[in-house]
Structure formats: C-alpha cells, structure tokens
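Shown next: run10.pdb, given as PDB, C-alpha atoms, pLDDT in the B column.
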```
ATOM      1  CA  MET W   1      93.787 -11.181 -53.895  1.00 46.00           C
ATOM      2  CA  LYS W   2      90.638 -12.404 -55.595  1.00 58.00           C
ATOM      3  CA  ASN W   3      91.442 -11.190 -59.106  1.00 81.00           C
ATOM      4  CA  ARG W   4      93.012 -14.092 -61.014  1.00 83.00           C
ATOM      5  CA  LYS W   5      94.469 -11.792 -63.673  1.00 85.00           C
ATOM      6  CA  SER W   6      96.382  -9.810 -61.034  1.00 88.00           C
ATOM      7  CA  ARG W   7      97.509 -12.996 -59.281  1.00 90.00           C
ATOM      8  CA  ILE W   8      98.781 -14.439 -62.587  1.00 88.00           C
ATOM      9  CA  ALA W   9     100.802 -11.249 -63.135  1.00 89.00           C
ATOM     10  CA  VAL W  10     102.368 -11.612 -59.671  1.00 92.00           C
ATOM     11  CA  ILE W  11     103.177 -15.296 -60.267  1.00 91.00           C
ATOM     12  CA  THR W  12     104.797 -14.419 -63.600  1.00 89.00           C
ATOM     13  CA  GLU W  13     106.888 -11.756 -61.872  1.00 90.00           C
ATOM     14  CA  ILE W  14     107.955 -14.208 -59.150  1.00 92.00           C
ATOM     15  CA  LEU W  15     109.001 -16.858 -61.687  1.00 88.00           C
ATOM     16  CA  ASN W  16     110.930 -14.320 -63.757  1.00 86.00           C
ATOM     17  CA  LYS W  17     112.770 -12.718 -60.817  1.00 88.00           C
ATOM     18  CA  HIS W  18     113.513 -15.687 -58.554  1.00 88.00           C
ATOM     19  CA  VAL W  19     114.825 -19.229 -58.801  1.00 87.00           C
ATOM     20  CA  ILE W  20     111.733 -21.205 -57.884  1.00 87.00           C
ATOM     21  CA  ARG W  21     112.205 -24.926 -57.280  1.00 85.00           C
ATOM     22  CA  SER W  22     108.772 -25.946 -55.982  1.00 85.00           C
ATOM     23  CA  GLN W  23     105.178 -24.855 -55.666  1.00 86.00           C
ATOM     24  CA  GLU W  24     105.876 -24.294 -51.979  1.00 88.00           C
ATOM     25  CA  ASP W  25     108.449 -21.642 -52.993  1.00 91.00           C
ATOM     26  CA  VAL W  26     105.807 -19.891 -55.106  1.00 91.00           C
ATOM     27  CA  LEU W  27     103.304 -20.048 -52.231  1.00 92.00           C
ATOM     28  CA  LYS W  28     105.880 -18.524 -49.870  1.00 93.00           C
ATOM     29  CA  HIS W  29     106.540 -15.604 -52.243  1.00 94.00           C
ATOM     30  CA  LEU W  30     102.806 -15.083 -52.749  1.00 93.00           C
ATOM     31  CA  GLN W  31     102.188 -15.067 -48.991  1.00 93.00           C
ATOM     32  CA  GLU W  32     104.955 -12.457 -48.565  1.00 94.00           C
ATOM     33  CA  LYS W  33     102.919 -10.288 -50.940  1.00 92.00           C
ATOM     34  CA  GLY W  34      99.725 -10.933 -48.963  1.00 92.00           C
ATOM     35  CA  ILE W  35      98.265 -13.362 -51.487  1.00 92.00           C
ATOM     36  CA  HIS W  36      96.854 -16.597 -50.083  1.00 91.00           C
ATOM     37  CA  VAL W  37      95.782 -19.385 -52.444  1.00 89.00           C
ATOM     38  CA  THR W  38      95.320 -23.109 -52.193  1.00 86.00           C
ATOM     39  CA  GLN W  39      97.782 -25.504 -53.796  1.00 80.00           C
ATOM     40  CA  ALA W  40      95.118 -26.527 -56.328  1.00 78.00           C
ATOM     41  CA  THR W  41      94.578 -22.895 -57.377  1.00 84.00           C
ATOM     42  CA  LEU W  42      98.318 -22.352 -57.642  1.00 85.00           C
ATOM     43  CA  SER W  43      98.672 -25.464 -59.777  1.00 79.00           C
ATOM     44  CA  ARG W  44      96.003 -24.164 -62.181  1.00 79.00           C
ATOM     45  CA  ASP W  45      97.669 -20.745 -62.253  1.00 84.00           C
ATOM     46  CA  LEU W  46     101.067 -22.286 -63.065  1.00 82.00           C
ATOM     47  CA  LYS W  47      99.480 -24.152 -65.987  1.00 76.00           C
ATOM     48  CA  LYS W  48      97.850 -20.890 -67.150  1.00 78.00           C
ATOM     49  CA  VAL W  49     101.233 -19.107 -67.334  1.00 80.00           C
ATOM     50  CA  ARG W  50     102.817 -22.178 -69.039  1.00 76.00           C
ATOM     51  CA  ALA W  51     105.226 -22.741 -66.158  1.00 78.00           C
ATOM     52  CA  SER W  52     107.282 -25.878 -66.498  1.00 73.00           C
ATOM     53  CA  LYS W  53     110.013 -27.503 -64.455  1.00 70.00           C
ATOM     54  CA  THR W  54     113.373 -27.789 -66.128  1.00 67.00           C
ATOM     55  CA  THR W  55     116.886 -28.557 -64.968  1.00 61.00           C
ATOM     56  CA  ASP W  56     119.252 -25.695 -64.300  1.00 58.00           C
ATOM     57  CA  GLY W  57     122.420 -27.419 -65.473  1.00 57.00           C
ATOM     58  CA  LYS W  58     123.353 -28.483 -61.941  1.00 62.00           C
ATOM     59  CA  GLY W  59     120.821 -31.296 -61.803  1.00 61.00           C
ATOM     60  CA  LEU W  60     118.360 -29.186 -59.792  1.00 67.00           C
ATOM     61  CA  TYR W  61     114.873 -28.337 -61.004  1.00 71.00           C
ATOM     62  CA  ARG W  62     113.341 -24.901 -61.338  1.00 78.00           C
ATOM     63  CA  TYR W  63     110.202 -23.412 -62.803  1.00 78.00           C
ATOM     64  CA  VAL W  64     110.422 -21.420 -66.022  1.00 79.00           C
ATOM     65  CA  ILE W  65     107.741 -19.865 -68.187  1.00 77.00           C
ATOM     66  CA  LEU W  66     107.730 -21.351 -71.654  1.00 62.00           C
ATOM     67  CA  GLU W  67     106.683 -19.635 -74.816  1.00 56.00           C
ATOM     68  CA  PRO W  68     104.713 -21.884 -77.200  1.00 47.00           C
ATOM     69  CA  GLU W  69     107.689 -22.300 -79.541  1.00 43.00           C
ATOM     70  CA  GLN W  70     109.808 -23.567 -76.620  1.00 42.00           C
ATOM     71  CA  LEU W  71     107.507 -26.459 -75.724  1.00 42.00           C
ATOM     72  CA  SER W  72     109.305 -28.894 -78.018  1.00 43.00           C
ATOM     73  CA  GLU W  73     112.643 -28.100 -76.353  1.00 42.00           C
ATOM     74  CA  VAL W  74     111.548 -28.505 -72.748  1.00 41.00           C
ATOM     75  CA  LYS W  75     113.690 -30.372 -70.218  1.00 42.00           C
ATOM     76  CA  GLY W  76     117.077 -30.194 -71.896  1.00 43.00           C
ATOM     77  CA  LEU W  77     116.604 -33.106 -74.315  1.00 45.00           C
ATOM     78  CA  SER W  78     115.946 -31.125 -77.472  1.00 45.00           C
ATOM     79  CA  ASP W  79     114.602 -34.108 -79.382  1.00 45.00           C
ATOM     80  CA  VAL W  80     112.173 -35.217 -76.667  1.00 47.00           C
ATOM     81  CA  PRO W  81     108.562 -34.615 -77.661  1.00 48.00           C
ATOM     82  CA  VAL W  82     106.371 -33.311 -74.873  1.00 51.00           C
ATOM     83  CA  LEU W  83     102.818 -34.283 -73.987  1.00 53.00           C
ATOM     84  CA  MET W  84     100.729 -31.178 -74.447  1.00 51.00           C
ATOM     85  CA  ALA W  85      99.373 -29.607 -71.266  1.00 51.00           C
ATOM     86  CA  SER W  86      95.891 -30.974 -71.966  1.00 48.00           C
ATOM     87  CA  GLN W  87      97.269 -34.526 -72.222  1.00 51.00           C
ATOM     88  CA  ARG W  88      99.340 -34.192 -69.038  1.00 53.00           C
ATOM     89  CA  GLU W  89      96.375 -32.598 -67.254  1.00 57.00           C
ATOM     90  CA  LYS W  90      94.047 -35.516 -67.970  1.00 56.00           C
ATOM     91  CA  PHE W  91      96.502 -37.867 -66.237  1.00 64.00           C
ATOM     92  CA  SER W  92      97.245 -35.525 -63.331  1.00 70.00           C
ATOM     93  CA  ASN W  93      94.991 -37.401 -60.893  1.00 77.00           C
ATOM     94  CA  ALA W  94      95.345 -40.774 -62.632  1.00 82.00           C
ATOM     95  CA  VAL W  95      99.104 -41.259 -62.267  1.00 87.00           C
ATOM     96  CA  LEU W  96     100.010 -42.347 -58.746  1.00 89.00           C
ATOM     97  CA  SER W  97     103.733 -43.089 -58.746  1.00 90.00           C
ATOM     98  CA  CYS W  98     106.773 -43.925 -60.798  1.00 91.00           C
ATOM     99  CA  ALA W  99     109.882 -46.034 -60.215  1.00 91.00           C
ATOM    100  CA  ILE W 100     113.050 -46.399 -62.283  1.00 91.00           C
ATOM    101  CA  SER W 101     115.311 -49.431 -62.535  1.00 91.00           C
ATOM    102  CA  ASN W 102     118.102 -49.022 -65.059  1.00 90.00           C
ATOM    103  CA  ASN W 103     116.246 -48.494 -68.352  1.00 92.00           C
ATOM    104  CA  ILE W 104     112.857 -49.730 -67.098  1.00 95.00           C
ATOM    105  CA  VAL W 105     110.259 -47.264 -65.837  1.00 93.00           C
ATOM    106  CA  VAL W 106     107.207 -48.523 -63.946  1.00 95.00           C
ATOM    107  CA  ILE W 107     104.336 -46.045 -63.810  1.00 93.00           C
ATOM    108  CA  LYS W 108     101.447 -46.847 -61.450  1.00 93.00           C
ATOM    109  CA  THR W 109      98.032 -45.419 -62.331  1.00 90.00           C
ATOM    110  CA  ARG W 110      94.503 -45.647 -61.084  1.00 87.00           C
ATOM    111  CA  ASN W 111      92.713 -48.707 -62.437  1.00 88.00           C
ATOM    112  CA  GLY W 112      91.838 -48.308 -66.120  1.00 84.00           C
ATOM    113  CA  TYR W 113      94.148 -45.387 -66.957  1.00 84.00           C
ATOM    114  CA  ALA W 114      97.332 -47.244 -67.913  1.00 87.00           C
ATOM    115  CA  SER W 115      96.274 -48.004 -71.468  1.00 86.00           C
ATOM    116  CA  GLY W 116      95.466 -44.367 -72.274  1.00 82.00           C
ATOM    117  CA  LEU W 117      98.722 -43.153 -70.760  1.00 85.00           C
ATOM    118  CA  ALA W 118     100.736 -45.763 -72.663  1.00 87.00           C
ATOM    119  CA  TYR W 119      98.982 -44.765 -75.884  1.00 82.00           C
ATOM    120  CA  ASP W 120      99.800 -41.071 -75.362  1.00 79.00           C
ATOM    121  CA  ILE W 121     103.427 -41.913 -74.547  1.00 83.00           C
ATOM    122  CA  ASP W 122     103.668 -44.056 -77.698  1.00 82.00           C
ATOM    123  CA  THR W 123     102.243 -41.258 -79.871  1.00 76.00           C
ATOM    124  CA  LEU W 124     105.203 -39.084 -78.878  1.00 74.00           C
ATOM    125  CA  GLN W 125     107.394 -41.300 -81.058  1.00 76.00           C
ATOM    126  CA  SER W 126     110.406 -40.358 -78.946  1.00 79.00           C
ATOM    127  CA  PRO W 127     113.684 -41.922 -80.030  1.00 85.00           C
ATOM    128  CA  HIS W 128     114.423 -42.418 -76.308  1.00 88.00           C
ATOM    129  CA  ILE W 129     111.321 -44.510 -75.589  1.00 89.00           C
ATOM    130  CA  LEU W 130     111.638 -48.032 -76.979  1.00 92.00           C
ATOM    131  CA  GLY W 131     108.090 -49.009 -76.058  1.00 92.00           C
ATOM    132  CA  THR W 132     105.364 -49.304 -73.467  1.00 94.00           C
ATOM    133  CA  VAL W 133     103.324 -52.211 -72.125  1.00 95.00           C
ATOM    134  CA  PRO W 134     100.099 -51.226 -70.353  1.00 93.00           C
ATOM    135  CA  GLY W 135      98.246 -53.256 -67.793  1.00 92.00           C
ATOM    136  CA  ALA W 136      95.112 -52.258 -65.905  1.00 90.00           C
ATOM    137  CA  ASP W 137      96.938 -49.976 -63.465  1.00 93.00           C
ATOM    138  CA  THR W 138     100.584 -50.082 -64.532  1.00 95.00           C
ATOM    139  CA  VAL W 139     102.600 -48.940 -67.531  1.00 94.00           C
ATOM    140  CA  LEU W 140     105.944 -50.592 -68.151  1.00 96.00           C
ATOM    141  CA  MET W 141     108.075 -48.214 -70.226  1.00 95.00           C
ATOM    142  CA  VAL W 142     111.445 -49.218 -71.664  1.00 95.00           C
ATOM    143  CA  VAL W 143     113.846 -46.388 -72.462  1.00 93.00           C
ATOM    144  CA  ASP W 144     117.127 -46.299 -74.344  1.00 90.00           C
ATOM    145  CA  ASP W 145     119.755 -47.890 -72.080  1.00 90.00           C
ATOM    146  CA  SER W 146     122.275 -45.193 -72.949  1.00 89.00           C
ATOM    147  CA  LEU W 147     120.246 -42.648 -70.940  1.00 85.00           C
ATOM    148  CA  LYS W 148     121.502 -41.733 -67.487  1.00 84.00           C
ATOM    149  CA  HIS W 149     119.002 -41.576 -64.619  1.00 81.00           C
ATOM    150  CA  GLU W 150     118.992 -37.770 -64.762  1.00 79.00           C
ATOM    151  CA  GLN W 151     118.063 -37.902 -68.452  1.00 81.00           C
ATOM    152  CA  ILE W 152     115.301 -40.435 -67.750  1.00 84.00           C
ATOM    153  CA  ILE W 153     113.870 -38.062 -65.152  1.00 81.00           C
ATOM    154  CA  GLU W 154     114.071 -35.198 -67.656  1.00 76.00           C
ATOM    155  CA  LEU W 155     112.194 -37.368 -70.131  1.00 77.00           C
ATOM    156  CA  LEU W 156     109.575 -38.226 -67.504  1.00 80.00           C
ATOM    157  CA  CYS W 157     109.137 -34.527 -66.680  1.00 76.00           C
ATOM    158  CA  SER W 158     107.761 -34.067 -70.187  1.00 71.00           C
ATOM    159  CA  ILE W 159     105.225 -36.852 -69.648  1.00 77.00           C
ATOM    160  CA  LEU W 160     104.191 -37.182 -66.002  1.00 81.00           C
ATOM    161  CA  PRO W 161     102.529 -34.756 -63.585  1.00 80.00           C
ATOM    162  CA  ASP W 162     104.799 -32.769 -61.270  1.00 76.00           C
ATOM    163  CA  HIS W 163     103.620 -34.524 -58.095  1.00 78.00           C
ATOM    164  CA  VAL W 164     104.825 -37.868 -59.494  1.00 82.00           C
ATOM    165  CA  ILE W 165     108.226 -36.452 -60.512  1.00 78.00           C
ATOM    166  CA  GLU W 166     108.624 -34.892 -57.066  1.00 77.00           C
ATOM    167  CA  GLY W 167     107.860 -38.331 -55.605  1.00 74.00           C
ATOM    168  CA  LEU W 168     110.982 -39.738 -57.252  1.00 74.00           C
ATOM    169  CA  GLY W 169     113.033 -37.731 -54.771  1.00 58.00           C
ATOM    170  CA  GLU W 170     116.567 -36.449 -54.896  1.00 49.00           C
ATOM    171  CA  GLU W 171     118.061 -39.951 -54.625  1.00 46.00           C
ATOM    172  CA  TRP W 172     117.334 -40.442 -58.349  1.00 44.00           C
ATOM    173  CA  ILE W 173     119.102 -37.291 -59.506  1.00 39.00           C
ATOM    174  CA  GLY W 174     122.488 -38.039 -61.043  1.00 37.00           C
ATOM    175  CA  ASP W 175     124.122 -40.895 -62.874  1.00 36.00           C
ATOM    176  CA  ALA W 176     123.169 -43.598 -60.417  1.00 36.00           C
ATOM    177  CA  LYS W 177     120.783 -44.309 -57.610  1.00 39.00           C
ATOM    178  CA  LYS W 178     122.322 -43.008 -54.380  1.00 37.00           C
TER     179      LYS W 178
END
```

Before we go any further, please render this structure as structure tokens.
Amino acid sequence: MKNRKSRIAVITEILNKHVIRSQEDVLKHLQEKGIHVTQATLSRDLKKVRASKTTDGKGLYRYVILEPEQLSEVKGLSDVPVLMASQREKFSNAVLSCAISNNIVVIKTRNGYASGLAYDIDTLQSPHILGTVPGADTVLMVVDDSLKHEQIIELLCSILPDHVIEGLGEEWIGDAKK
C-alpha cells in the first residue's frame, strides 16, 4: 500500500482493536493485511498517529493513541511532564542506551548530545527528577529515591526514544532488578 493516508488509517485501526506491545506486532498485523513497510516508515507513521507506549496496569507496555489533551498524563504518572514529540525525535538517533541503578539513571548519547538532552530534561521541571549532570556523551540523572524501578521506566518512557526503553529489557520491570 503506497498511500500513506490509507496506511495510517489501517495502523490506527490495528492500535484501537488489538493489544500491541511492539512495533514488530504492528508490522505483523500490517503484513497480514498485505501492507509491507520498513521499520523506519512504521516508526514515522506511529509518530504521525500520536502512538505512545504506556503500561497496562500489569507492568507490560502497549501502544495507545493519545489525543493532544492526554499528552500530559502519559505513562501513568499524572504529574510527569512529557518531552514533546519534536524534542524526543531530535534525540532519537542521539541516545544510545540507558542504565538504572537505584535512583541513578545513566543515559549514553552520541558525543556532543548529552548537554542538550540534559537541558531538555531539566526544562520539564518534574518533581521526580532531582537533577541532571551532562558530560560529552553521558547524562547522569538523579530521580526521587521513593520511585520504584517500574516508575522510573515510566518516567523514562516520557523522555527517551522507544528503542532505548526496549533496550532496558524485562529484567527492569517491577520493584527490583531481577
């Protein structure tokens, strides 16, 4: 299907009718409908429909389509500000990985991007983020020590690109590292 408008309509239908946990799930549903797209195209389409990952109450992630008024309530922490899509998009290729140790988050970036990311995180003025310290290719972020690991990941979902969150893996879901 070459028509982006038609493809967007199909993606919206898929997200509204099915529990979709990954881009691979979306690709599978699209292929079942005879639609073949690259991962990069799908990623752009998901941004176009304002799809966002959120927790489903069981600690598992799923895609939902957010209306503009819902953006400030994304990820289950109602008082967590969210980087706007344009801010998250500019760091999509710059953020390489993330690691969590108790209330310390270490975000690795390409050389020169850490300062901009730390600045954008600081402008959120989140009550859960105590501060950031940027280096050339690393951001050290300190979060409120009352947050559980699951809540830290929810917070990070509002800041970091999906591929970095997915890199954290299931071992970080829950109250403690498994």

Residue neighbourhood Ala118 of chain W, 12 Å, all atoms listed in the file, exclusion window fewer than 5 positions, as a PyMOL selection string
chain W and resi 83+87+91+95+105-109+112-113+123-125+129-142+159-160

For those residues, write C-alpha atoms to a file as a tab-separated table (two decimals), keeping the file's coordinate frame.
```
chain	number	residue	atom	x	y	z
W	83	LEU	CA	102.82	-34.28	-73.99
W	87	GLN	CA	97.27	-34.53	-72.22
W	91	PHE	CA	96.50	-37.87	-66.24
W	95	VAL	CA	99.10	-41.26	-62.27
W	105	VAL	CA	110.26	-47.26	-65.84
W	106	VAL	CA	107.21	-48.52	-63.95
W	107	ILE	CA	104.34	-46.04	-63.81
W	108	LYS	CA	101.45	-46.85	-61.45
W	109	THR	CA	98.03	-45.42	-62.33
W	112	GLY	CA	91.84	-48.31	-66.12
W	113	TYR	CA	94.15	-45.39	-66.96
W	123	THR	CA	102.24	-41.26	-79.87
W	124	LEU	CA	105.20	-39.08	-78.88
W	125	GLN	CA	107.39	-41.30	-81.06
W	129	ILE	CA	111.32	-44.51	-75.59
W	130	LEU	CA	111.64	-48.03	-76.98
W	131	GLY	CA	108.09	-49.01	-76.06
W	132	THR	CA	105.36	-49.30	-73.47
W	133	VAL	CA	103.32	-52.21	-72.12
W	134	PRO	CA	100.10	-51.23	-70.35
W	135	GLY	CA	98.25	-53.26	-67.79
W	136	ALA	CA	95.11	-52.26	-65.90
W	137	ASP	CA	96.94	-49.98	-63.46
W	138	THR	CA	100.58	-50.08	-64.53
W	139	VAL	CA	102.60	-48.94	-67.53
W	140	LEU	CA	105.94	-50.59	-68.15
W	141	MET	CA	108.08	-48.21	-70.23
W	142	VAL	CA	111.44	-49.22	-71.66
W	159	ILE	CA	105.22	-36.85	-69.65
W	160	LEU	CA	104.19	-37.18	-66.00
```

Looking at W:Gln23, W:Asn111, W:Asn3, W:Asn16, which one is nearest to Leu46 of chain W, with distances taken over only C-alpha atoms?
W:Gln23

Answer key for the PyMOL selection byres ((chain W and resi 102) around 8), residues as an NGL selection string:
:W and (100-101 or 103-104 or 145 or 149)

Go ahead and find all residues with at least one atom no further than 12 Å from (108.5, -13.8, -51.8) in the file's coordinates, using only C-alpha atoms; report them as a PyMOL selection string.
chain W and resi 10-11+13-15+17-20+24-35

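Among W:Arg7, W:Asp45, W:Ala94, W:Thr38, the residue with the shortest atom-to-atom distance to Pro161 of chain W, counting all atoms listed in the file, is W:Ala94.
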
Which distance in Å separates atom CA of Cys157 of chain W and atom CA of Lys5 of chain W, to one decimal?
27.2 Å

Grab the atom CA of Val49 of chain W to atom CA of Thr12 of chain W distance for me, in Å with one decimal place.
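According to the coordinates, atom CA of Val49 of chain W and atom CA of Thr12 of chain W are separated by 7.0 Å.
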
Nearest to Leu155 of chain W among W:Ser6, W:His36, W:Val143, W:Gly116, with distances taken over all atoms listed in the file: which residue is it?
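Among the listed residues, W:Val143 lies closest to Leu155 of chain W.
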
Straight-line distance linking atom CA of Ala51 of chain W with atom CA of Ile121 of chain W, stated in Å to one decimal:
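Rounded to one decimal, the two atoms are 21.0 Å apart.
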
Provide an axis-aligned box for all listed atoms of segment 100-104 of chain W, padding each side by 3 Å; report its centre and its edge lengths in Å to one decimal, as JSON.
```
{"center_x": 115.5, "center_y": -48.1, "center_z": -65.3, "size_x": 11.2, "size_y": 9.3, "size_z": 12.1}
```
